[in-house]
$ cat structure.pdb   # PDB, C-alpha atoms
ATOM      1  CA  MET A1092      55.763 -38.392 -92.021  1.00  0.00           C
ATOM      2  CA  SER A1093      55.536 -40.367 -88.834  1.00  0.00           C
ATOM      3  CA  ASP A1094      54.754 -43.697 -90.471  1.00  0.00           C
ATOM      4  CA  HIS A1095      54.553 -45.263 -93.897  1.00  0.00           C
ATOM      5  CA  LYS A1096      51.126 -46.720 -94.442  1.00  0.00           C
ATOM      6  CA  LYS A1097      50.819 -47.450 -98.138  1.00  0.00           C
ATOM      7  CA  ILE A1098      47.920 -48.025-100.500  1.00  0.00           C
ATOM      8  CA  SER A1099      48.181 -49.200-104.102  1.00  0.00           C
ATOM      9  CA  ILE A1100      45.110 -48.928-106.265  1.00  0.00           C
ATOM     10  CA  VAL A1101      44.852 -50.831-109.529  1.00  0.00           C
ATOM     11  CA  CYS A1102      42.504 -48.852-111.769  1.00  0.00           C
ATOM     12  CA  PHE A1103      41.447 -51.515-114.269  1.00  0.00           C
ATOM     13  CA  SER A1104      37.937 -50.280-114.930  1.00  0.00           C
ATOM     14  CA  GLY A1105      37.189 -47.323-117.164  1.00  0.00           C
ATOM     15  CA  ASP A1106      33.699 -46.899-115.720  1.00  0.00           C
ATOM     16  CA  PHE A1107      32.903 -43.427-114.436  1.00  0.00           C
ATOM     17  CA  ASP A1108      31.609 -44.586-111.055  1.00  0.00           C
ATOM     18  CA  LYS A1109      34.525 -46.932-110.451  1.00  0.00           C
ATOM     19  CA  ILE A1110      37.071 -44.251-111.342  1.00  0.00           C
ATOM     20  CA  VAL A1111      35.261 -41.914-108.917  1.00  0.00           C
ATOM     21  CA  ALA A1112      35.561 -44.641-106.248  1.00  0.00           C
ATOM     22  CA  ALA A1113      39.279 -45.087-107.020  1.00  0.00           C
ATOM     23  CA  TYR A1114      40.006 -41.350-106.738  1.00  0.00           C
ATOM     24  CA  THR A1115      37.873 -41.049-103.600  1.00  0.00           C
ATOM     25  CA  ILE A1116      39.870 -43.763-101.837  1.00  0.00           C
ATOM     26  CA  ALA A1117      43.143 -42.410-103.234  1.00  0.00           C
ATOM     27  CA  THR A1118      42.619 -38.801-102.131  1.00  0.00           C
ATOM     28  CA  GLY A1119      41.128 -39.833 -98.781  1.00  0.00           C
ATOM     29  CA  ALA A1120      44.101 -42.096 -98.137  1.00  0.00           C
ATOM     30  CA  ALA A1121      46.674 -39.493 -99.171  1.00  0.00           C
ATOM     31  CA  ALA A1122      44.966 -36.854 -97.030  1.00  0.00           C
ATOM     32  CA  THR A1123      45.057 -39.169 -94.014  1.00  0.00           C
ATOM     33  CA  ASN A1124      48.757 -39.725 -94.129  1.00  0.00           C
ATOM     34  CA  ARG A1125      49.130 -42.655 -96.489  1.00  0.00           C
ATOM     35  CA  GLU A1126      51.483 -43.035 -99.414  1.00  0.00           C
ATOM     36  CA  VAL A1127      49.298 -43.687-102.458  1.00  0.00           C
ATOM     37  CA  THR A1128      50.077 -45.196-105.841  1.00  0.00           C
ATOM     38  CA  MET A1129      47.500 -45.516-108.627  1.00  0.00           C
ATOM     39  CA  PHE A1130      48.290 -48.011-111.359  1.00  0.00           C
ATOM     40  CA  PHE A1131      46.118 -47.568-114.451  1.00  0.00           C
ATOM     41  CA  THR A1132      45.690 -50.484-116.807  1.00  0.00           C
ATOM     42  CA  PHE A1133      43.341 -51.536-119.628  1.00  0.00           C
ATOM     43  CA  TRP A1134      40.110 -49.517-119.596  1.00  0.00           C
ATOM     44  CA  GLY A1135      41.406 -47.422-116.716  1.00  0.00           C
ATOM     45  CA  LEU A1136      43.873 -45.810-119.128  1.00  0.00           C
ATOM     46  CA  ASN A1137      40.960 -43.937-120.707  1.00  0.00           C
ATOM     47  CA  ALA A1138      40.808 -41.722-117.622  1.00  0.00           C
ATOM     48  CA  LEU A1139      44.394 -40.593-118.250  1.00  0.00           C
ATOM     49  CA  LYS A1140      44.144 -39.591-121.910  1.00  0.00           C
ATOM     50  CA  LYS A1141      44.949 -35.968-122.688  1.00  0.00           C
ATOM     51  CA  LYS A1142      42.127 -35.924-125.199  1.00  0.00           C
ATOM     52  CA  GLN A1143      39.072 -36.324-123.000  1.00  0.00           C
ATOM     53  CA  GLY A1144      36.568 -36.917-125.783  1.00  0.00           C
ATOM     54  CA  HIS A1145      36.517 -39.491-128.595  1.00  0.00           C
ATOM     55  CA  SER A1146      39.749 -39.348-130.600  1.00  0.00           C
ATOM     56  CA  TRP A1147      41.572 -41.616-133.052  1.00  0.00           C
ATOM     57  CA  LEU A1148      44.597 -42.581-130.942  1.00  0.00           C
ATOM     58  CA  GLY A1149      46.607 -45.631-131.889  1.00  0.00           C
ATOM     59  CA  LYS A1150      48.859 -47.093-134.530  1.00  0.00           C
ATOM     60  CA  ASP A1151      46.631 -49.423-136.494  1.00  0.00           C
ATOM     61  CA  PHE A1152      43.022 -49.714-137.545  1.00  0.00           C
ATOM     62  CA  LEU A1153      41.843 -51.774-134.562  1.00  0.00           C
ATOM     63  CA  SER A1154      43.571 -49.735-131.860  1.00  0.00           C
ATOM     64  CA  ARG A1155      42.288 -46.514-133.450  1.00  0.00           C
ATOM     65  CA  MET A1156      38.762 -47.929-133.500  1.00  0.00           C
ATOM     66  CA  PHE A1157      39.011 -49.045-129.869  1.00  0.00           C
ATOM     67  CA  ASN A1158      40.331 -45.683-128.701  1.00  0.00           C
ATOM     68  CA  PHE A1159      37.773 -43.745-130.677  1.00  0.00           C
ATOM     69  CA  LEU A1160      34.869 -45.799-129.332  1.00  0.00           C
ATOM     70  CA  MET A1161      36.108 -45.710-125.726  1.00  0.00           C
ATOM     71  CA  GLY A1162      37.079 -42.044-125.624  1.00  0.00           C
ATOM     72  CA  GLY A1163      38.632 -40.314-122.607  1.00  0.00           C
ATOM     73  CA  LEU A1164      37.687 -38.876-119.240  1.00  0.00           C
ATOM     74  CA  ARG A1165      34.628 -37.017-120.537  1.00  0.00           C
ATOM     75  CA  SER A1166      33.289 -40.178-122.174  1.00  0.00           C
ATOM     76  CA  LEU A1167      33.598 -42.640-119.296  1.00  0.00           C
ATOM     77  CA  PRO A1168      30.350 -44.617-119.048  1.00  0.00           C
ATOM     78  CA  LEU A1169      28.436 -45.356-115.858  1.00  0.00           C
ATOM     79  CA  SER A1170      28.797 -49.079-115.017  1.00  0.00           C
ATOM     80  CA  ARG A1171      25.010 -49.391-114.811  1.00  0.00           C
ATOM     81  CA  LEU A1172      22.180 -47.373-116.392  1.00  0.00           C
ATOM     82  CA  ASN A1173      24.514 -45.458-118.689  1.00  0.00           C
ATOM     83  CA  PHE A1174      21.701 -44.494-121.100  1.00  0.00           C
ATOM     84  CA  GLY A1175      23.977 -43.676-123.997  1.00  0.00           C
ATOM     85  CA  GLY A1176      26.333 -41.552-121.916  1.00  0.00           C
ATOM     86  CA  ILE A1177      23.809 -39.150-120.406  1.00  0.00           C
ATOM     87  CA  SER A1178      23.951 -40.693-116.909  1.00  0.00           C
ATOM     88  CA  PRO A1179      27.524 -39.627-115.993  1.00  0.00           C
ATOM     89  CA  LYS A1180      26.500 -36.020-116.713  1.00  0.00           C
ATOM     90  CA  LEU A1181      23.367 -36.387-114.590  1.00  0.00           C
ATOM     91  CA  MET A1182      25.431 -38.022-111.858  1.00  0.00           C
ATOM     92  CA  THR A1183      27.945 -35.137-111.921  1.00  0.00           C
ATOM     93  CA  GLY A1184      25.016 -32.724-111.506  1.00  0.00           C
ATOM     94  CA  MET A1185      23.770 -34.735-108.515  1.00  0.00           C
ATOM     95  CA  MET A1186      27.267 -34.760-107.011  1.00  0.00           C
ATOM     96  CA  LYS A1187      27.527 -30.970-107.309  1.00  0.00           C
ATOM     97  CA  LYS A1188      24.061 -30.488-105.848  1.00  0.00           C
ATOM     98  CA  ASN A1189      25.032 -32.566-102.814  1.00  0.00           C
ATOM     99  CA  ASN A1190      28.422 -30.915-102.302  1.00  0.00           C
ATOM    100  CA  VAL A1191      30.291 -34.053-103.301  1.00  0.00           C
ATOM    101  CA  ALA A1192      33.547 -33.494-105.173  1.00  0.00           C
ATOM    102  CA  THR A1193      33.219 -34.115-108.912  1.00  0.00           C
ATOM    103  CA  LEU A1194      35.680 -36.324-110.789  1.00  0.00           C
ATOM    104  CA  PRO A1195      37.772 -33.374-112.118  1.00  0.00           C
ATOM    105  CA  GLU A1196      37.944 -31.960-108.575  1.00  0.00           C
ATOM    106  CA  LEU A1197      39.089 -35.327-107.205  1.00  0.00           C
ATOM    107  CA  ILE A1198      41.761 -35.586-109.901  1.00  0.00           C
ATOM    108  CA  GLU A1199      42.963 -32.073-109.104  1.00  0.00           C
ATOM    109  CA  ALA A1200      43.122 -33.009-105.408  1.00  0.00           C
ATOM    110  CA  ALA A1201      45.072 -36.168-106.257  1.00  0.00           C
ATOM    111  CA  ASP A1202      47.646 -34.034-108.117  1.00  0.00           C
ATOM    112  CA  ALA A1203      47.863 -31.557-105.238  1.00  0.00           C
ATOM    113  CA  LEU A1204      48.367 -34.388-102.735  1.00  0.00           C
ATOM    114  CA  GLY A1205      51.240 -35.827-104.755  1.00  0.00           C
ATOM    115  CA  ILE A1206      49.647 -39.188-105.496  1.00  0.00           C
ATOM    116  CA  ARG A1207      51.853 -41.316-107.743  1.00  0.00           C
ATOM    117  CA  VAL A1208      50.234 -42.227-111.054  1.00  0.00           C
ATOM    118  CA  TYR A1209      51.608 -45.067-113.153  1.00  0.00           C
ATOM    119  CA  ALA A1210      50.376 -46.315-116.516  1.00  0.00           C
ATOM    120  CA  CYS A1211      50.612 -49.965-117.569  1.00  0.00           C
ATOM    121  CA  GLU A1212      53.116 -50.555-120.319  1.00  0.00           C
ATOM    122  CA  MET A1213      51.448 -53.684-121.650  1.00  0.00           C
ATOM    123  CA  ALA A1214      47.954 -52.232-121.906  1.00  0.00           C
ATOM    124  CA  MET A1215      49.378 -49.143-123.634  1.00  0.00           C
ATOM    125  CA  GLN A1216      51.159 -51.396-126.111  1.00  0.00           C
ATOM    126  CA  ILE A1217      47.959 -53.276-126.934  1.00  0.00           C
ATOM    127  CA  LEU A1218      45.893 -50.108-127.322  1.00  0.00           C
ATOM    128  CA  GLY A1219      48.633 -48.238-129.181  1.00  0.00           C
ATOM    129  CA  VAL A1220      48.697 -45.432-126.625  1.00  0.00           C
ATOM    130  CA  GLU A1221      51.963 -43.498-126.128  1.00  0.00           C
ATOM    131  CA  LYS A1222      53.084 -41.671-122.965  1.00  0.00           C
ATOM    132  CA  ASP A1223      52.622 -38.370-124.845  1.00  0.00           C
ATOM    133  CA  ASP A1224      48.937 -39.263-125.271  1.00  0.00           C
ATOM    134  CA  LEU A1225      48.513 -39.309-121.482  1.00  0.00           C
ATOM    135  CA  VAL A1226      48.220 -36.427-119.011  1.00  0.00           C
ATOM    136  CA  ASP A1227      51.374 -35.002-117.438  1.00  0.00           C
ATOM    137  CA  SER A1228      50.490 -36.349-113.992  1.00  0.00           C
ATOM    138  CA  VAL A1229      51.491 -39.826-115.231  1.00  0.00           C
ATOM    139  CA  GLN A1230      54.915 -40.179-113.666  1.00  0.00           C
ATOM    140  CA  GLU A1231      56.021 -43.323-115.383  1.00  0.00           C
ATOM    141  CA  VAL A1232      55.005 -46.096-117.719  1.00  0.00           C
ATOM    142  CA  VAL A1233      55.724 -49.295-115.825  1.00  0.00           C
ATOM    143  CA  GLY A1234      55.235 -53.054-115.905  1.00  0.00           C
ATOM    144  CA  VAL A1235      53.833 -55.451-113.360  1.00  0.00           C
ATOM    145  CA  ALA A1236      57.230 -55.997-111.680  1.00  0.00           C
ATOM    146  CA  THR A1237      57.531 -52.300-110.786  1.00  0.00           C
ATOM    147  CA  PHE A1238      53.964 -52.264-109.569  1.00  0.00           C
ATOM    148  CA  LEU A1239      54.603 -55.297-107.344  1.00  0.00           C
ATOM    149  CA  ASN A1240      57.819 -53.815-105.967  1.00  0.00           C
ATOM    150  CA  GLU A1241      56.043 -50.559-105.157  1.00  0.00           C
ATOM    151  CA  SER A1242      53.185 -52.476-103.521  1.00  0.00           C
ATOM    152  CA  GLU A1243      55.324 -54.870-101.510  1.00  0.00           C
ATOM    153  CA  ASP A1244      54.254 -53.478 -98.123  1.00  0.00           C
ATOM    154  CA  ALA A1245      51.017 -51.819 -99.243  1.00  0.00           C
ATOM    155  CA  HIS A1246      47.331 -52.616 -99.194  1.00  0.00           C
ATOM    156  CA  VAL A1247      46.356 -53.380-102.774  1.00  0.00           C
ATOM    157  CA  ILE A1248      42.899 -52.420-103.983  1.00  0.00           C
ATOM    158  CA  PHE A1249      41.668 -53.579-107.390  1.00  0.00           C
ATOM    159  CA  ILE A1250      38.945 -51.504-109.011  1.00  0.00           C
TER     160      ILE A1250
ATOM    161  CA  MET B 689      45.746 -18.064 -86.740  1.00  0.00           C
ATOM    162  CA  HIS B 690      44.575 -19.604 -90.012  1.00  0.00           C
ATOM    163  CA  PHE B 691      40.971 -20.624 -90.573  1.00  0.00           C
ATOM    164  CA  LEU B 692      39.195 -23.424 -92.430  1.00  0.00           C
ATOM    165  CA  ASP B 693      35.502 -24.354 -92.478  1.00  0.00           C
ATOM    166  CA  ILE B 694      34.819 -27.869 -93.786  1.00  0.00           C
ATOM    167  CA  THR B 695      31.216 -28.161 -92.611  1.00  0.00           C
ATOM    168  CA  ARG B 696      29.925 -27.961 -96.182  1.00  0.00           C
ATOM    169  CA  GLU B 697      32.450 -30.456 -97.538  1.00  0.00           C
ATOM    170  CA  THR B 698      31.847 -34.179 -97.816  1.00  0.00           C
ATOM    171  CA  CYS B 699      34.233 -37.119 -97.728  1.00  0.00           C
ATOM    172  CA  PRO B 700      36.999 -37.231 -98.949  1.00  0.00           C
ATOM    173  CA  MET B 701      37.334 -33.443 -99.433  1.00  0.00           C
ATOM    174  CA  THR B 702      37.005 -32.863 -95.674  1.00  0.00           C
ATOM    175  CA  PHE B 703      40.377 -34.562 -95.187  1.00  0.00           C
ATOM    176  CA  VAL B 704      41.854 -33.238 -98.437  1.00  0.00           C
ATOM    177  CA  LYS B 705      41.152 -29.570 -97.575  1.00  0.00           C
ATOM    178  CA  VAL B 706      42.677 -29.977 -94.096  1.00  0.00           C
ATOM    179  CA  LYS B 707      45.772 -31.722 -95.428  1.00  0.00           C
ATOM    180  CA  LEU B 708      46.389 -29.128 -98.160  1.00  0.00           C
ATOM    181  CA  GLN B 709      45.759 -26.168 -95.847  1.00  0.00           C
ATOM    182  CA  LEU B 710      48.146 -27.566 -93.213  1.00  0.00           C
ATOM    183  CA  ALA B 711      50.766 -28.091 -95.911  1.00  0.00           C
ATOM    184  CA  ARG B 712      50.514 -24.399 -96.850  1.00  0.00           C
ATOM    185  CA  ILE B 713      50.943 -22.868 -93.387  1.00  0.00           C
ATOM    186  CA  PRO B 714      54.372 -22.466 -91.764  1.00  0.00           C
ATOM    187  CA  THR B 715      55.460 -24.784 -88.952  1.00  0.00           C
ATOM    188  CA  GLY B 716      54.554 -23.482 -85.516  1.00  0.00           C
ATOM    189  CA  GLN B 717      51.407 -21.708 -86.668  1.00  0.00           C
ATOM    190  CA  GLU B 718      47.854 -22.656 -85.749  1.00  0.00           C
ATOM    191  CA  LEU B 719      44.851 -23.610 -87.849  1.00  0.00           C
ATOM    192  CA  GLU B 720      41.284 -23.272 -86.628  1.00  0.00           C
ATOM    193  CA  ILE B 721      38.985 -25.835 -88.266  1.00  0.00           C
ATOM    194  CA  ILE B 722      35.193 -25.866 -88.073  1.00  0.00           C
ATOM    195  CA  LEU B 723      33.855 -29.355 -88.765  1.00  0.00           C
ATOM    196  CA  ASN B 724      30.787 -31.536 -88.305  1.00  0.00           C
ATOM    197  CA  GLU B 725      30.411 -34.312 -85.761  1.00  0.00           C
ATOM    198  CA  GLY B 726      30.619 -37.905 -86.966  1.00  0.00           C
ATOM    199  CA  GLU B 727      33.317 -38.929 -89.416  1.00  0.00           C
ATOM    200  CA  PRO B 728      35.117 -35.537 -89.691  1.00  0.00           C
ATOM    201  CA  LEU B 729      35.212 -34.996 -85.902  1.00  0.00           C
ATOM    202  CA  GLU B 730      36.352 -38.555 -85.277  1.00  0.00           C
ATOM    203  CA  ASN B 731      39.011 -38.705 -87.944  1.00  0.00           C
ATOM    204  CA  VAL B 732      40.358 -35.231 -88.765  1.00  0.00           C
ATOM    205  CA  PRO B 733      42.021 -34.716 -85.336  1.00  0.00           C
ATOM    206  CA  ARG B 734      43.414 -38.256 -85.399  1.00  0.00           C
ATOM    207  CA  SER B 735      44.817 -37.818 -88.889  1.00  0.00           C
ATOM    208  CA  CYS B 736      46.433 -34.489 -87.862  1.00  0.00           C
ATOM    209  CA  GLU B 737      48.065 -36.143 -84.850  1.00  0.00           C
ATOM    210  CA  GLU B 738      49.337 -38.985 -87.034  1.00  0.00           C
ATOM    211  CA  GLN B 739      51.100 -36.396 -89.136  1.00  0.00           C
ATOM    212  CA  GLY B 740      52.822 -35.108 -86.035  1.00  0.00           C
ATOM    213  CA  TYR B 741      50.671 -32.023 -85.508  1.00  0.00           C
ATOM    214  CA  GLN B 742      49.283 -31.049 -82.122  1.00  0.00           C
ATOM    215  CA  ILE B 743      45.572 -30.745 -81.331  1.00  0.00           C
ATOM    216  CA  LEU B 744      45.318 -27.791 -78.931  1.00  0.00           C
ATOM    217  CA  SER B 745      41.544 -27.886 -78.401  1.00  0.00           C
ATOM    218  CA  VAL B 746      38.301 -29.514 -79.467  1.00  0.00           C
ATOM    219  CA  GLU B 747      35.021 -27.855 -78.547  1.00  0.00           C
ATOM    220  CA  ALA B 748      31.419 -27.774 -79.681  1.00  0.00           C
ATOM    221  CA  CYS B 749      30.335 -24.546 -81.326  1.00  0.00           C
ATOM    222  CA  GLY B 750      27.121 -23.405 -82.996  1.00  0.00           C
ATOM    223  CA  ASP B 751      23.626 -24.080 -81.709  1.00  0.00           C
ATOM    224  CA  GLY B 752      23.707 -27.767 -80.997  1.00  0.00           C
ATOM    225  CA  ASP B 753      23.885 -28.558 -84.704  1.00  0.00           C
ATOM    226  CA  GLY B 754      26.912 -30.771 -84.224  1.00  0.00           C
ATOM    227  CA  LYS B 755      29.501 -28.241 -85.404  1.00  0.00           C
ATOM    228  CA  HIS B 756      32.827 -28.336 -83.615  1.00  0.00           C
ATOM    229  CA  ARG B 757      35.902 -26.129 -83.551  1.00  0.00           C
ATOM    230  CA  ILE B 758      39.349 -27.636 -83.319  1.00  0.00           C
ATOM    231  CA  ILE B 759      42.681 -25.852 -83.119  1.00  0.00           C
ATOM    232  CA  VAL B 760      45.665 -27.606 -84.695  1.00  0.00           C
ATOM    233  CA  LYS B 761      49.261 -26.494 -84.256  1.00  0.00           C
ATOM    234  CA  LYS B 762      51.598 -27.412 -87.072  1.00  0.00           C
TER     235      LYS B 762
END

$ encode --input "structure.pdb" --output "structure tokens"
Amino acid sequence: MSDHKKISIVCFSGDFDKIVAAYTIATGAAATNREVTMFFTFWGLNALKKKQGHSWLGKDFLSRMFNFLMGGLRSLPLSRLNFGGISPKLMTGMMKKNNVATLPELIEAADALGIRVYACEMAMQILGVEKDDLVDSVQEVVGVATFLNESEDAHVIFI
Amino acid sequence: MHFLDITRETCPMTFVKVKLQLARIPTGQELEIILNEGEPLENVPRSCEEQGYQILSVEACGDGDGKHRIIVKK
């Protein structure tokens, strides 16, 4: 690569539309010659769970309840007008109709482009989620210090 | 010569398809890309050049519908 423009995206939100925005920026940046790191924390972790529906992950009653209620990639709610979870499915239909890449297609592109995916150690601890519960594209479970080191000379975007 | 039509793609897949296709072809070979005017025409050639590839030609094609053909050498 001729230069080293870097982008770090903090994926805090677990909302469908915001995760779509994060992956759109990430894949667009990687495809236009930038080094991209995505750091998933709190609700954003839902997008990385292997089990994409509602499942009882976690070590204790509360974490299992939280994980069950939040679910995974297939259960991400729209940030507005979610209508009990029907809207993300309608939105995906609209995206397909208009030739816009769907969330699974964006995630596949992110993998193909070699985007680095990190999961937040602290949020995983709170929610009782283990690395084995997350998809294989998660390269490492890291803390804020690693994230800051990686982002030292990068643009940081918080979503 | 390799070929890629991104006129039916929208952002960011326009860039993604070009990047992945260029990664697949051997160095020294050429890729013909058909793209729309506007964002793809403004930014795909620039992004290719930033990656060290050579833009051999940019020309309008089609019937004035804004489609362009560019040739990139890896």

$ closest_residue --input "structure.pdb" --among "B:Ser735, B:Thr695, B:Gln717, B:Asn724" --to "chain A" --atoms "only C-alpha atoms"
B:Ser735

$ interface_residues --input "structure.pdb" --of "chain B" --to "chain A" --cutoff "6 Å" --atoms "all atoms listed in the file" --output "PyMOL selection string"
chain B and resi 698+700+703-704+707+735+739

$ atom_distance --input "structure.pdb" --atom1 "CA of Pro728 (chain B)" --atom2 "CA of Met701 (chain B)"
10.2 Å

$ residues_near_point --input "structure.pdb" --point "(56.0, -47.6, -112.9)" --cutoff "8 Å" --atoms "only C-alpha atoms" --output "PyMOL selection string"
chain A and resi 1130+1209-1211+1230-1234+1237-1238

$ axis_aligned_box --input "structure.pdb" --around "region 1227-1233 of chain A" --padding-each-side "4 Å" --output "lines of an AutoDock Vina configuration file"
center_x = 53.3
center_y = -42.1
center_z = -115.7
size_x = 13.5
size_y = 22.3
size_z = 12.1

$ residues_around --input "structure.pdb" --residues "region 1239-1242 of chain A" --least-positions-apart "5" --cutoff "12 Å" --atoms "all atoms listed in the file" --output "number ranges by chain"
A: 1096-1101, 1126-1130, 1207-1209, 1233-1234, 1247-1248

$ residues_around --input "structure.pdb" --residues "Cys736 (chain B)" --least-positions-apart "6" --cutoff "8 Å" --atoms "all atoms listed in the file" --output "ChimeraX atom specification"
/A:1123 /B:742-743,760

$ write_last_selection --input "structure.pdb" --atoms "C-alpha atoms" --output "PDB file, in the coordinates of the input"
ATOM      1  CA  THR A1123      45.057 -39.169 -94.014  1.00  0.00           C
TER       2      THR A1123
ATOM      3  CA  GLN B 742      49.283 -31.049 -82.122  1.00  0.00           C
ATOM      4  CA  ILE B 743      45.572 -30.745 -81.331  1.00  0.00           C
ATOM      5  CA  VAL B 760      45.665 -27.606 -84.695  1.00  0.00           C
TER       6      VAL B 760
END

$ residues_around --input "structure.pdb" --residues "Val706 (chain B)" --least-positions-apart "3" --cutoff "8 Å" --atoms "only C-alpha atoms" --output "ChimeraX atom specification"
/A:1122 /B:692,702-703,709-710,732

$ closest_residue --input "structure.pdb" --among "A:Gly1184, A:Leu1194, A:Lys1222, A:Lys1109" --to "Lys1141 (chain A)" --atoms "only C-alpha atoms"
A:Lys1222

$ atom_distance --input "structure.pdb" --atom1 "CA of Gly1205 (chain A)" --atom2 "CA of Thr1193 (chain A)"
18.6 Å

$ resolve_selection --input "structure.pdb" --expression "the PyMOL selection byres ((chain B and resi 719) around 6)" --output "JSON list (two decimals) with C-alpha atoms, keeping the file's coordinate frame"
[["chain", "number", "residue", "atom", "x", "y", "z"],
["B", 689, "MET", "CA", 45.75, -18.06, -86.74],
["B", 690, "HIS", "CA", 44.58, -19.60, -90.01],
["B", 691, "PHE", "CA", 40.97, -20.62, -90.57],
["B", 718, "GLU", "CA", 47.85, -22.66, -85.75],
["B", 720, "GLU", "CA", 41.28, -23.27, -86.63],
["B", 759, "ILE", "CA", 42.68, -25.85, -83.12],
["B", 760, "VAL", "CA", 45.66, -27.61, -84.70]]

$ residues_around --input "structure.pdb" --residues "region 1174-1180 of chain A" --least-positions-apart "6" --cutoff "12 Å" --atoms "only C-alpha atoms" --output "list in words"
Asp1106, Phe1107, Asp1108, Lys1109, Ile1110, Val1111, Gly1144, Met1161, Gly1162, Leu1164, Arg1165, Ser1166, Leu1167, Pro1168, Met1186, Lys1187, Thr1193 and Leu1194 of chain A

$ write_last_selection --input "structure.pdb" --atoms "C-alpha atoms" --output "PDB file, in the coordinates of the input"
ATOM      1  CA  ASP A1106      33.699 -46.899-115.720  1.00  0.00           C
ATOM      2  CA  PHE A1107      32.903 -43.427-114.436  1.00  0.00           C
ATOM      3  CA  ASP A1108      31.609 -44.586-111.055  1.00  0.00           C
ATOM      4  CA  LYS A1109      34.525 -46.932-110.451  1.00  0.00           C
ATOM      5  CA  ILE A1110      37.071 -44.251-111.342  1.00  0.00           C
ATOM      6  CA  VAL A1111      35.261 -41.914-108.917  1.00  0.00           C
ATOM      7  CA  GLY A1144      36.568 -36.917-125.783  1.00  0.00           C
ATOM      8  CA  MET A1161      36.108 -45.710-125.726  1.00  0.00           C
ATOM      9  CA  GLY A1162      37.079 -42.044-125.624  1.00  0.00           C
ATOM     10  CA  LEU A1164      37.687 -38.876-119.240  1.00  0.00           C
ATOM     11  CA  ARG A1165      34.628 -37.017-120.537  1.00  0.00           C
ATOM     12  CA  SER A1166      33.289 -40.178-122.174  1.00  0.00           C
ATOM     13  CA  LEU A1167      33.598 -42.640-119.296  1.00  0.00           C
ATOM     14  CA  PRO A1168      30.350 -44.617-119.048  1.00  0.00           C
ATOM     15  CA  MET A1186      27.267 -34.760-107.011  1.00  0.00           C
ATOM     16  CA  LYS A1187      27.527 -30.970-107.309  1.00  0.00           C
ATOM     17  CA  THR A1193      33.219 -34.115-108.912  1.00  0.00           C
ATOM     18  CA  LEU A1194      35.680 -36.324-110.789  1.00  0.00           C
TER      19      LEU A1194
END

$ atom_distance --input "structure.pdb" --atom1 "CA of Ala1112 (chain A)" --atom2 "CA of Ala1214 (chain A)"
21.4 Å

$ resolve_selection --input "structure.pdb" --expression "the PyMOL selection byres ((chain A and resi 1142) around 12)" --output "number ranges by chain"
A: 1136-1141, 1143-1148, 1158-1159, 1161-1166, 1220, 1223-1226

$ resolve_selection --input "structure.pdb" --expression "the PyMOL selection byres ((chain B and resi 749) around 12)" --output "tab-separated table (two decimals) with C-alpha atoms, in the coordinates of the input"
chain	number	residue	atom	x	y	z
B	695	THR	CA	31.22	-28.16	-92.61
B	721	ILE	CA	38.98	-25.84	-88.27
B	722	ILE	CA	35.19	-25.87	-88.07
B	723	LEU	CA	33.85	-29.36	-88.76
B	724	ASN	CA	30.79	-31.54	-88.30
B	725	GLU	CA	30.41	-34.31	-85.76
B	746	VAL	CA	38.30	-29.51	-79.47
B	747	GLU	CA	35.02	-27.86	-78.55
B	748	ALA	CA	31.42	-27.77	-79.68
B	750	GLY	CA	27.12	-23.40	-83.00
B	751	ASP	CA	23.63	-24.08	-81.71
B	752	GLY	CA	23.71	-27.77	-81.00
B	753	ASP	CA	23.88	-28.56	-84.70
B	754	GLY	CA	26.91	-30.77	-84.22
B	755	LYS	CA	29.50	-28.24	-85.40
B	756	HIS	CA	32.83	-28.34	-83.62
B	757	ARG	CA	35.90	-26.13	-83.55
B	758	ILE	CA	39.35	-27.64	-83.32

$ decode --input "structure.pdb" --residues "region 1197-1211 of chain A" --atoms "C-alpha atoms" --output "short mmCIF file (atom, residue, chain, number, x, y, z; two decimals), in the first residue's frame"
data_model
loop_
_atom_site.label_atom_id
_atom_site.label_comp_id
_atom_site.auth_asym_id
_atom_site.auth_seq_id
_atom_site.Cartn_x
_atom_site.Cartn_y
_atom_site.Cartn_z
CA LEU A 1197 -21.58 -6.08 3.91
CA ILE A 1198 -20.23 -8.39 6.62
CA GLU A 1199 -19.03 -10.85 3.98
CA ALA A 1200 -17.31 -7.97 2.15
CA ALA A 1201 -15.69 -6.82 5.40
CA ASP A 1202 -14.24 -10.33 5.87
CA ALA A 1203 -13.02 -10.45 2.27
CA LEU A 1204 -11.36 -7.04 2.63
CA GLY A 1205 -9.48 -8.14 5.74
CA ILE A 1206 -11.03 -5.64 8.13
CA ARG A 1207 -9.81 -6.17 11.69
CA VAL A 1208 -12.58 -7.00 14.15
CA TYR A 1209 -12.01 -6.65 17.88
CA ALA A 1210 -14.43 -7.39 20.71
CA CYS A 1211 -14.42 -5.46 23.98
#
